[in-house]
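Shown next, in structure tokens, is the structure this report addresses.
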Amino acid sequence: MFTVSECLAGDYVIQKRTESLTGFSCRISPMRLSRNLSSGNRIRYRAEKCDFCPDMIETSTPSFPDGTRLYIGDSVTFPNKYPYSACHAVTVITRDHDPDFYTKNEISDALLGQCKVLKKCQGYHSINWNCLPSAGASMIHPHLQGLSDHNPSYATGLYIKKSREYSARNKKNYWDELVRAERESERFLFDNGVVWCAHFVPFGEKEVRGYLPVSSIQEFEDCIDEVAGGIVRVIEFYRKMEHYAFNMSIRFDRGGSDGSFKSYVSMIARINPNPVSISDSAFMERLHYEPVVMTVPEKIPELWRI
């Protein structure tokens, strides 16, 4: 399911890894860890004039057409004021502006809010999270963004297309085969009803994927608790590794699909916010669609157990 080639750069080995299903590739360059691009510092953010804090959220955020917002636990879901999708919903996860940790219930409530809103929209859905400015967040207060479009994003569309081709060619479900293989690999992390592994061809630093047993948002509610529990464990791992910024996406096929594509959670660590605004995304990542990452995926389980 994957291929790898190696080359020497002085005394160092650089790997190029490719996912056979889609052709997505990345470069693994552990020597770049020595650059210490991420300081490990935990910057604290004050809640000055934050639209998502409890004392402002009712007056500073839009409501749904019927004049309501969706409240589940401490989470609040409402339309995005600046959308870039036919259906674009925001879920504020916690009342805390800059929390030190998240509970399973907080993440579960926020995911359920997204699910209930997105299920009303037809199309291809995703649930996403940019945590902190260096991960692309324009608001510090933690929040999810749910999208529904008539057409999937490039990466999601490619996975769906290639999954159907694989199923037709091999009379097997690619994702079932992948999960069986990854469960036995050195990249396996844990199984809480969702199988979580370090991905062989990471889209970003320390990518962890959780493979869901469902395909569409209509089925998602059945495994929200397991997904929420896994997300909390990955965030705890990132913070142990002194990563406070991260991105997350959960991809779905449209309702009524043939099930050849199965949803998965993808999480990647990002460089912490820093005074000079150095990012870990440059021309390779954004223009070539070939991320350069520093941590070898097979090392992540070892780091996980520290």
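Each chain in the structure tokens gets a letter, A, B and so on, in the order shown; residues start at 1 in every chain, and ligands are counted from 1 in the order they appear.
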
With only C-alpha atoms counted and 12 Å as the cut-off, give the residues of segment 11-48 of chain A in contact with segment 163-170 of chain A, each with its shortest interatomic distance in Å and the pair that gives it, as a tab-separated table.
residue	atom	partner	partner_atom	distance
A:Ser20	CA	A:Tyr166	CA	10.7
A:Leu21	CA	A:Ser163	CA	7.5
A:Thr22	CA	A:Ser163	CA	8.8

Review point. Which polymer residues have any atom within 9 Å of an atom of Ala228 of chain A, counting only C-alpha atoms, with same-chain residues fewer than 2 positions away left out, as a PyMOL selection string?
Key: chain A and resi 103-109+111+223-226+230-233

Exercise for review: Can you pull out every residue within 12 Å of Asp66 of chain A, counting only C-alpha atoms, but drop anything in the same chain fewer than 4 positions away, and send it as JSON, numbers by chain?
Suggested key: {"A": [62, 70, 78, 79]}

With N, CA and C atoms retained, write the just-selected residues as a compact mmCIF listing (two decimals), in the first residue's frame.
# COMPACT_ATOMS: atom_id res chain seq x y z
N PRO A 62 -23.37 35.17 14.38
CA PRO A 62 -24.66 35.04 13.69
C PRO A 62 -25.46 33.85 14.21
N LEU A 70 -27.12 26.42 18.30
CA LEU A 70 -27.25 25.08 18.87
C LEU A 70 -26.32 24.94 20.07
N PHE A 78 -23.06 27.71 15.34
CA PHE A 78 -23.75 28.77 14.61
C PHE A 78 -23.11 28.90 13.23
N PRO A 79 -23.72 29.64 12.29
CA PRO A 79 -23.12 29.80 10.96
C PRO A 79 -21.84 30.63 11.02

Segment 21-83 of chain A residues near segment 138-160 of chain A within 12 Å, closest pair each, using only C-alpha atoms, as JSON lines:
{"residue": "A:Leu21", "atom": "CA", "partner": "A:Tyr159", "partner_atom": "CA", "distance": 7.8}
{"residue": "A:Thr22", "atom": "CA", "partner": "A:Tyr159", "partner_atom": "CA", "distance": 6.5}
{"residue": "A:Gly23", "atom": "CA", "partner": "A:Leu158", "partner_atom": "CA", "distance": 9.6}
{"residue": "A:Phe24", "atom": "CA", "partner": "A:Ala155", "partner_atom": "CA", "distance": 9.0}
{"residue": "A:Ile43", "atom": "CA", "partner": "A:Ile140", "partner_atom": "CA", "distance": 11.2}
{"residue": "A:Arg44", "atom": "CA", "partner": "A:Ile140", "partner_atom": "CA", "distance": 10.0}
{"residue": "A:Tyr45", "atom": "CA", "partner": "A:Ile140", "partner_atom": "CA", "distance": 7.4}
{"residue": "A:Arg46", "atom": "CA", "partner": "A:Ile140", "partner_atom": "CA", "distance": 9.2}
{"residue": "A:Ala47", "atom": "CA", "partner": "A:His141", "partner_atom": "CA", "distance": 8.2}
{"residue": "A:Glu48", "atom": "CA", "partner": "A:Ile140", "partner_atom": "CA", "distance": 10.7}
{"residue": "A:Lys49", "atom": "CA", "partner": "A:Met139", "partner_atom": "CA", "distance": 11.1}
{"residue": "A:Cys50", "atom": "CA", "partner": "A:His141", "partner_atom": "CA", "distance": 7.6}
{"residue": "A:Asp51", "atom": "CA", "partner": "A:Met139", "partner_atom": "CA", "distance": 8.7}
{"residue": "A:Phe52", "atom": "CA", "partner": "A:His141", "partner_atom": "CA", "distance": 6.4}
{"residue": "A:Cys53", "atom": "CA", "partner": "A:His141", "partner_atom": "CA", "distance": 7.4}
{"residue": "A:Pro54", "atom": "CA", "partner": "A:His141", "partner_atom": "CA", "distance": 10.8}
{"residue": "A:Ile57", "atom": "CA", "partner": "A:His141", "partner_atom": "CA", "distance": 11.2}
{"residue": "A:Asp74", "atom": "CA", "partner": "A:His143", "partner_atom": "CA", "distance": 11.8}
{"residue": "A:Ser75", "atom": "CA", "partner": "A:His143", "partner_atom": "CA", "distance": 9.0}
{"residue": "A:Val76", "atom": "CA", "partner": "A:His143", "partner_atom": "CA", "distance": 9.2}
{"residue": "A:Thr77", "atom": "CA", "partner": "A:Leu144", "partner_atom": "CA", "distance": 9.0}
{"residue": "A:Phe78", "atom": "CA", "partner": "A:Gln145", "partner_atom": "CA", "distance": 10.0}
{"residue": "A:Pro79", "atom": "CA", "partner": "A:Gln145", "partner_atom": "CA", "distance": 9.4}
{"residue": "A:Asn80", "atom": "CA", "partner": "A:Gln145", "partner_atom": "CA", "distance": 8.1}
{"residue": "A:Lys81", "atom": "CA", "partner": "A:Gln145", "partner_atom": "CA", "distance": 11.6}
{"residue": "A:Tyr82", "atom": "CA", "partner": "A:Ser138", "partner_atom": "CA", "distance": 11.4}
{"residue": "A:Pro83", "atom": "CA", "partner": "A:Leu147", "partner_atom": "CA", "distance": 9.1}

Using C-alpha atoms, can you write the selected residues to a file as a PDB file, in the first residue's frame?
ATOM      1  CA  LEU A  21      -3.690   4.408  -3.614  1.00  0.00           C
ATOM      2  CA  THR A  22      -3.545   8.141  -4.323  1.00  0.00           C
ATOM      3  CA  GLY A  23       0.053   8.941  -5.251  1.00  0.00           C
ATOM      4  CA  PHE A  24       0.352  11.405  -2.344  1.00  0.00           C
ATOM      5  CA  ILE A  43       2.158  31.337  24.892  1.00  0.00           C
ATOM      6  CA  ARG A  44      -0.901  32.357  26.936  1.00  0.00           C
ATOM      7  CA  TYR A  45      -3.655  34.403  25.305  1.00  0.00           C
ATOM      8  CA  ARG A  46      -5.959  36.761  27.152  1.00  0.00           C
ATOM      9  CA  ALA A  47      -9.644  36.874  26.279  1.00  0.00           C
ATOM     10  CA  GLU A  48      -9.842  40.566  25.385  1.00  0.00           C
ATOM     11  CA  LYS A  49     -12.884  41.308  23.189  1.00  0.00           C
ATOM     12  CA  CYS A  50     -13.176  37.679  22.082  1.00  0.00           C
ATOM     13  CA  ASP A  51     -16.352  37.088  20.090  1.00  0.00           C
ATOM     14  CA  PHE A  52     -16.426  33.437  21.172  1.00  0.00           C
ATOM     15  CA  CYS A  53     -16.230  34.007  24.939  1.00  0.00           C
ATOM     16  CA  PRO A  54     -19.474  33.528  26.929  1.00  0.00           C
ATOM     17  CA  ILE A  57     -21.018  35.079  21.868  1.00  0.00           C
ATOM     18  CA  ASP A  74     -20.616  23.969  26.814  1.00  0.00           C
ATOM     19  CA  SER A  75     -20.405  23.972  22.999  1.00  0.00           C
ATOM     20  CA  VAL A  76     -22.197  26.515  20.821  1.00  0.00           C
ATOM     21  CA  THR A  77     -22.766  26.031  17.064  1.00  0.00           C
ATOM     22  CA  PHE A  78     -23.748  28.770  14.608  1.00  0.00           C
ATOM     23  CA  PRO A  79     -23.124  29.797  10.961  1.00  0.00           C
ATOM     24  CA  ASN A  80     -19.698  31.122  10.004  1.00  0.00           C
ATOM     25  CA  LYS A  81     -19.795  34.895   9.589  1.00  0.00           C
ATOM     26  CA  TYR A  82     -17.218  34.661   6.773  1.00  0.00           C
ATOM     27  CA  PRO A  83     -18.050  31.362   4.992  1.00  0.00           C
TER      28      PRO A  83
END

With a cut-off of 10 Å, could you pull out the residues of segment 23-92 of chain A touching segment 202-206 of chain A and give me the nearest pair of atoms for each, distance in Å to one decimal, using only C-alpha atoms, ordered by chain and ascending number, as a Markdown table?
| residue | atom | partner | partner_atom | distance |
| --- | --- | --- | --- | --- |
| A:Phe24 | CA | A:Phe203 | CA | 8.6 |
| A:Ser25 | CA | A:Pro202 | CA | 8.1 |
| A:Cys26 | CA | A:Pro202 | CA | 6.7 |
| A:Arg27 | CA | A:Pro202 | CA | 8.8 |
| A:Ile28 | CA | A:Pro202 | CA | 8.8 |

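Comparing the minimum interatomic distances between Arg35 of chain A and each of A:Leu303, A:Ser257, A:Asp280, A:Asp176, counting only C-alpha atoms, we find that A:Asp280 sits nearest.
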
Point to revise | Counting only C-alpha atoms, the residue of A:Ser279, A:Ser260, A:Leu287, A:Arg42 that sits nearest Lys171 of chain A | key: A:Ser260

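All residues in segment 167-266 of chain A with a DSSP state of strand (DSSP E or B), computed from the backbone, read Phe188, Leu189, Phe190, Asp191, Val195, Trp196, Cys197, Ala198, Glu205, Lys206, Glu207, Val208, Arg209, Gly210, Tyr211, Ser216, Ala245, Phe246, Asn247, Met248, Ser249, Ile250, Arg251, Asp253, Tyr264, Val265 and Ser266 of chain A.
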
Can I get the selection written as a PDB file, in the first residue's frame, with N, CA and C atoms?
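Result file again-v4.pdb:
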ATOM      1  N   PHE A 188       1.076   1.342  14.758  1.00  0.00           N
ATOM      2  CA  PHE A 188      -0.172   1.237  15.515  1.00  0.00           C
ATOM      3  C   PHE A 188      -0.023   1.901  16.889  1.00  0.00           C
ATOM      4  N   LEU A 189      -1.029   2.679  17.290  1.00  0.00           N
ATOM      5  CA  LEU A 189      -1.001   3.374  18.575  1.00  0.00           C
ATOM      6  C   LEU A 189      -2.008   2.789  19.563  1.00  0.00           C
ATOM      7  N   PHE A 190      -3.301   2.762  19.202  1.00  0.00           N
ATOM      8  CA  PHE A 190      -4.299   2.193  20.101  1.00  0.00           C
ATOM      9  C   PHE A 190      -5.602   1.980  19.341  1.00  0.00           C
ATOM     10  N   ASP A 191      -6.496   1.210  19.961  1.00  0.00           N
ATOM     11  CA  ASP A 191      -7.801   0.896  19.373  1.00  0.00           C
ATOM     12  C   ASP A 191      -8.853   1.102  20.455  1.00  0.00           C
ATOM     13  N   VAL A 195      -9.445   2.684  15.138  1.00  0.00           N
ATOM     14  CA  VAL A 195      -8.028   2.300  15.118  1.00  0.00           C
ATOM     15  C   VAL A 195      -7.183   3.535  14.808  1.00  0.00           C
ATOM     16  N   TRP A 196      -6.222   3.843  15.691  1.00  0.00           N
ATOM     17  CA  TRP A 196      -5.381   5.041  15.575  1.00  0.00           C
ATOM     18  C   TRP A 196      -3.936   4.634  15.306  1.00  0.00           C
ATOM     19  N   CYS A 197      -3.349   5.245  14.270  1.00  0.00           N
ATOM     20  CA  CYS A 197      -1.985   4.905  13.847  1.00  0.00           C
ATOM     21  C   CYS A 197      -1.269   6.166  13.363  1.00  0.00           C
ATOM     22  N   ALA A 198       0.059   6.135  13.445  1.00  0.00           N
ATOM     23  CA  ALA A 198       0.867   7.132  12.742  1.00  0.00           C
ATOM     24  C   ALA A 198       0.812   6.789  11.255  1.00  0.00           C
ATOM     25  N   GLU A 205       3.687  17.148  10.285  1.00  0.00           N
ATOM     26  CA  GLU A 205       4.492  16.637  11.389  1.00  0.00           C
ATOM     27  C   GLU A 205       3.656  15.772  12.341  1.00  0.00           C
ATOM     28  N   LYS A 206       4.189  14.585  12.647  1.00  0.00           N
ATOM     29  CA  LYS A 206       3.578  13.646  13.591  1.00  0.00           C
ATOM     30  C   LYS A 206       2.095  13.402  13.275  1.00  0.00           C
ATOM     31  N   GLU A 207       1.797  13.115  12.007  1.00  0.00           N
ATOM     32  CA  GLU A 207       0.395  12.867  11.648  1.00  0.00           C
ATOM     33  C   GLU A 207      -0.101  11.563  12.275  1.00  0.00           C
ATOM     34  N   VAL A 208      -1.258  11.660  12.925  1.00  0.00           N
ATOM     35  CA  VAL A 208      -1.958  10.500  13.465  1.00  0.00           C
ATOM     36  C   VAL A 208      -3.316  10.423  12.778  1.00  0.00           C
ATOM     37  N   ARG A 209      -3.695   9.220  12.335  1.00  0.00           N
ATOM     38  CA  ARG A 209      -5.003   9.010  11.726  1.00  0.00           C
ATOM     39  C   ARG A 209      -5.821   8.029  12.550  1.00  0.00           C
ATOM     40  N   GLY A 210      -7.111   8.322  12.646  1.00  0.00           N
ATOM     41  CA  GLY A 210      -8.060   7.419  13.275  1.00  0.00           C
ATOM     42  C   GLY A 210      -9.046   6.949  12.229  1.00  0.00           C
ATOM     43  N   TYR A 211      -9.127   5.643  12.008  1.00  0.00           N
ATOM     44  CA  TYR A 211      -9.925   5.080  10.924  1.00  0.00           C
ATOM     45  C   TYR A 211     -11.314   4.702  11.426  1.00  0.00           C
ATOM     46  N   SER A 216     -20.239   8.213   6.009  1.00  0.00           N
ATOM     47  CA  SER A 216     -20.898   9.502   5.827  1.00  0.00           C
ATOM     48  C   SER A 216     -21.236  10.159   7.160  1.00  0.00           C
ATOM     49  N   ALA A 245       0.063  23.826  18.881  1.00  0.00           N
ATOM     50  CA  ALA A 245      -0.707  24.126  17.677  1.00  0.00           C
ATOM     51  C   ALA A 245      -0.868  22.857  16.855  1.00  0.00           C
ATOM     52  N   PHE A 246      -2.047  22.696  16.241  1.00  0.00           N
ATOM     53  CA  PHE A 246      -2.281  21.519  15.412  1.00  0.00           C
ATOM     54  C   PHE A 246      -3.455  21.777  14.470  1.00  0.00           C
ATOM     55  N   ASN A 247      -3.579  20.908  13.467  1.00  0.00           N
ATOM     56  CA  ASN A 247      -4.732  20.898  12.569  1.00  0.00           C
ATOM     57  C   ASN A 247      -5.405  19.536  12.636  1.00  0.00           C
ATOM     58  N   MET A 248      -6.706  19.534  12.427  1.00  0.00           N
ATOM     59  CA  MET A 248      -7.465  18.288  12.393  1.00  0.00           C
ATOM     60  C   MET A 248      -8.514  18.359  11.305  1.00  0.00           C
ATOM     61  N   SER A 249      -8.729  17.257  10.604  1.00  0.00           N
ATOM     62  CA  SER A 249      -9.835  17.142   9.647  1.00  0.00           C
ATOM     63  C   SER A 249     -10.436  15.747   9.747  1.00  0.00           C
ATOM     64  N   ILE A 250     -11.753  15.683   9.625  1.00  0.00           N
ATOM     65  CA  ILE A 250     -12.473  14.416   9.487  1.00  0.00           C
ATOM     66  C   ILE A 250     -13.188  14.491   8.145  1.00  0.00           C
ATOM     67  N   ARG A 251     -12.879  13.562   7.240  1.00  0.00           N
ATOM     68  CA  ARG A 251     -13.449  13.560   5.887  1.00  0.00           C
ATOM     69  C   ARG A 251     -14.592  12.554   5.798  1.00  0.00           C
ATOM     70  N   ASP A 253     -17.634  10.815   2.937  1.00  0.00           N
ATOM     71  CA  ASP A 253     -18.282  10.682   1.639  1.00  0.00           C
ATOM     72  C   ASP A 253     -19.703  11.229   1.771  1.00  0.00           C
ATOM     73  N   TYR A 264     -12.031   9.059   7.965  1.00  0.00           N
ATOM     74  CA  TYR A 264     -10.928   8.995   8.920  1.00  0.00           C
ATOM     75  C   TYR A 264     -10.642  10.375   9.489  1.00  0.00           C
ATOM     76  N   VAL A 265     -10.107  10.376  10.706  1.00  0.00           N
ATOM     77  CA  VAL A 265      -9.620  11.588  11.363  1.00  0.00           C
ATOM     78  C   VAL A 265      -8.147  11.729  11.026  1.00  0.00           C
ATOM     79  N   SER A 266      -7.723  12.927  10.682  1.00  0.00           N
ATOM     80  CA  SER A 266      -6.303  13.212  10.461  1.00  0.00           C
ATOM     81  C   SER A 266      -5.903  14.377  11.351  1.00  0.00           C
TER      82      SER A 266
END

Exercise for review: Write out as a ChimeraX atom specification all residues of segment 128-238 of chain A that backbone DSSP assigns to helix (DSSP H, G or I).
Suggested key: /A:133-135,154-170,174-183,217-238

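Atom CA of Met1 of chain A sits 26.9 Å away from atom CA of Tyr238 of chain A.
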
Within 8 Å of segment 112-135 of chain A: each segment 254-292 of chain A residue with its shortest pair, only C-alpha atoms, as a tab-separated table:
residue	atom	partner	partner_atom	distance
A:Arg254	CA	A:Tyr124	CA	4.7
A:Gly255	CA	A:Gly123	CA	7.5
A:Arg270	CA	A:Ala135	CA	6.0
A:Ile271	CA	A:Ser134	CA	6.4
A:Asn272	CA	A:Ser134	CA	6.3
A:Pro273	CA	A:Ser134	CA	5.2
A:Ser277	CA	A:Ser134	CA	7.5
A:Ser279	CA	A:Ser134	CA	6.5

Exercise for review: Mind checking which residues fall within 10 Å of Tyr12 of chain A, counting only C-alpha atoms, ignoring those fewer than 6 positions away in the same chain, and posting them as a PyMOL selection string?
Suggested key: chain A and resi 29-31

Pull N, CA and C atoms from the residues just selected and write them as a PDB file, in the first residue's frame.
ATOM      1  N   SER A  29      12.753  14.025   6.676  1.00  0.00           N
ATOM      2  CA  SER A  29      14.096  14.565   6.854  1.00  0.00           C
ATOM      3  C   SER A  29      14.347  14.814   8.342  1.00  0.00           C
ATOM      4  N   PRO A  30      14.719  13.757   9.098  1.00  0.00           N
ATOM      5  CA  PRO A  30      14.895  13.902  10.543  1.00  0.00           C
ATOM      6  C   PRO A  30      15.948  14.933  10.934  1.00  0.00           C
ATOM      7  N   MET A  31      16.915  15.190  10.039  1.00  0.00           N
ATOM      8  CA  MET A  31      17.969  16.158  10.390  1.00  0.00           C
ATOM      9  C   MET A  31      17.397  17.543  10.658  1.00  0.00           C
TER      10      MET A  31
END

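Proximity ranking of A:Thr94, A:Thr59, A:Asn173, A:Ser38 relative to Gly73 of chain A places A:Thr94 first, based on only C-alpha atoms.
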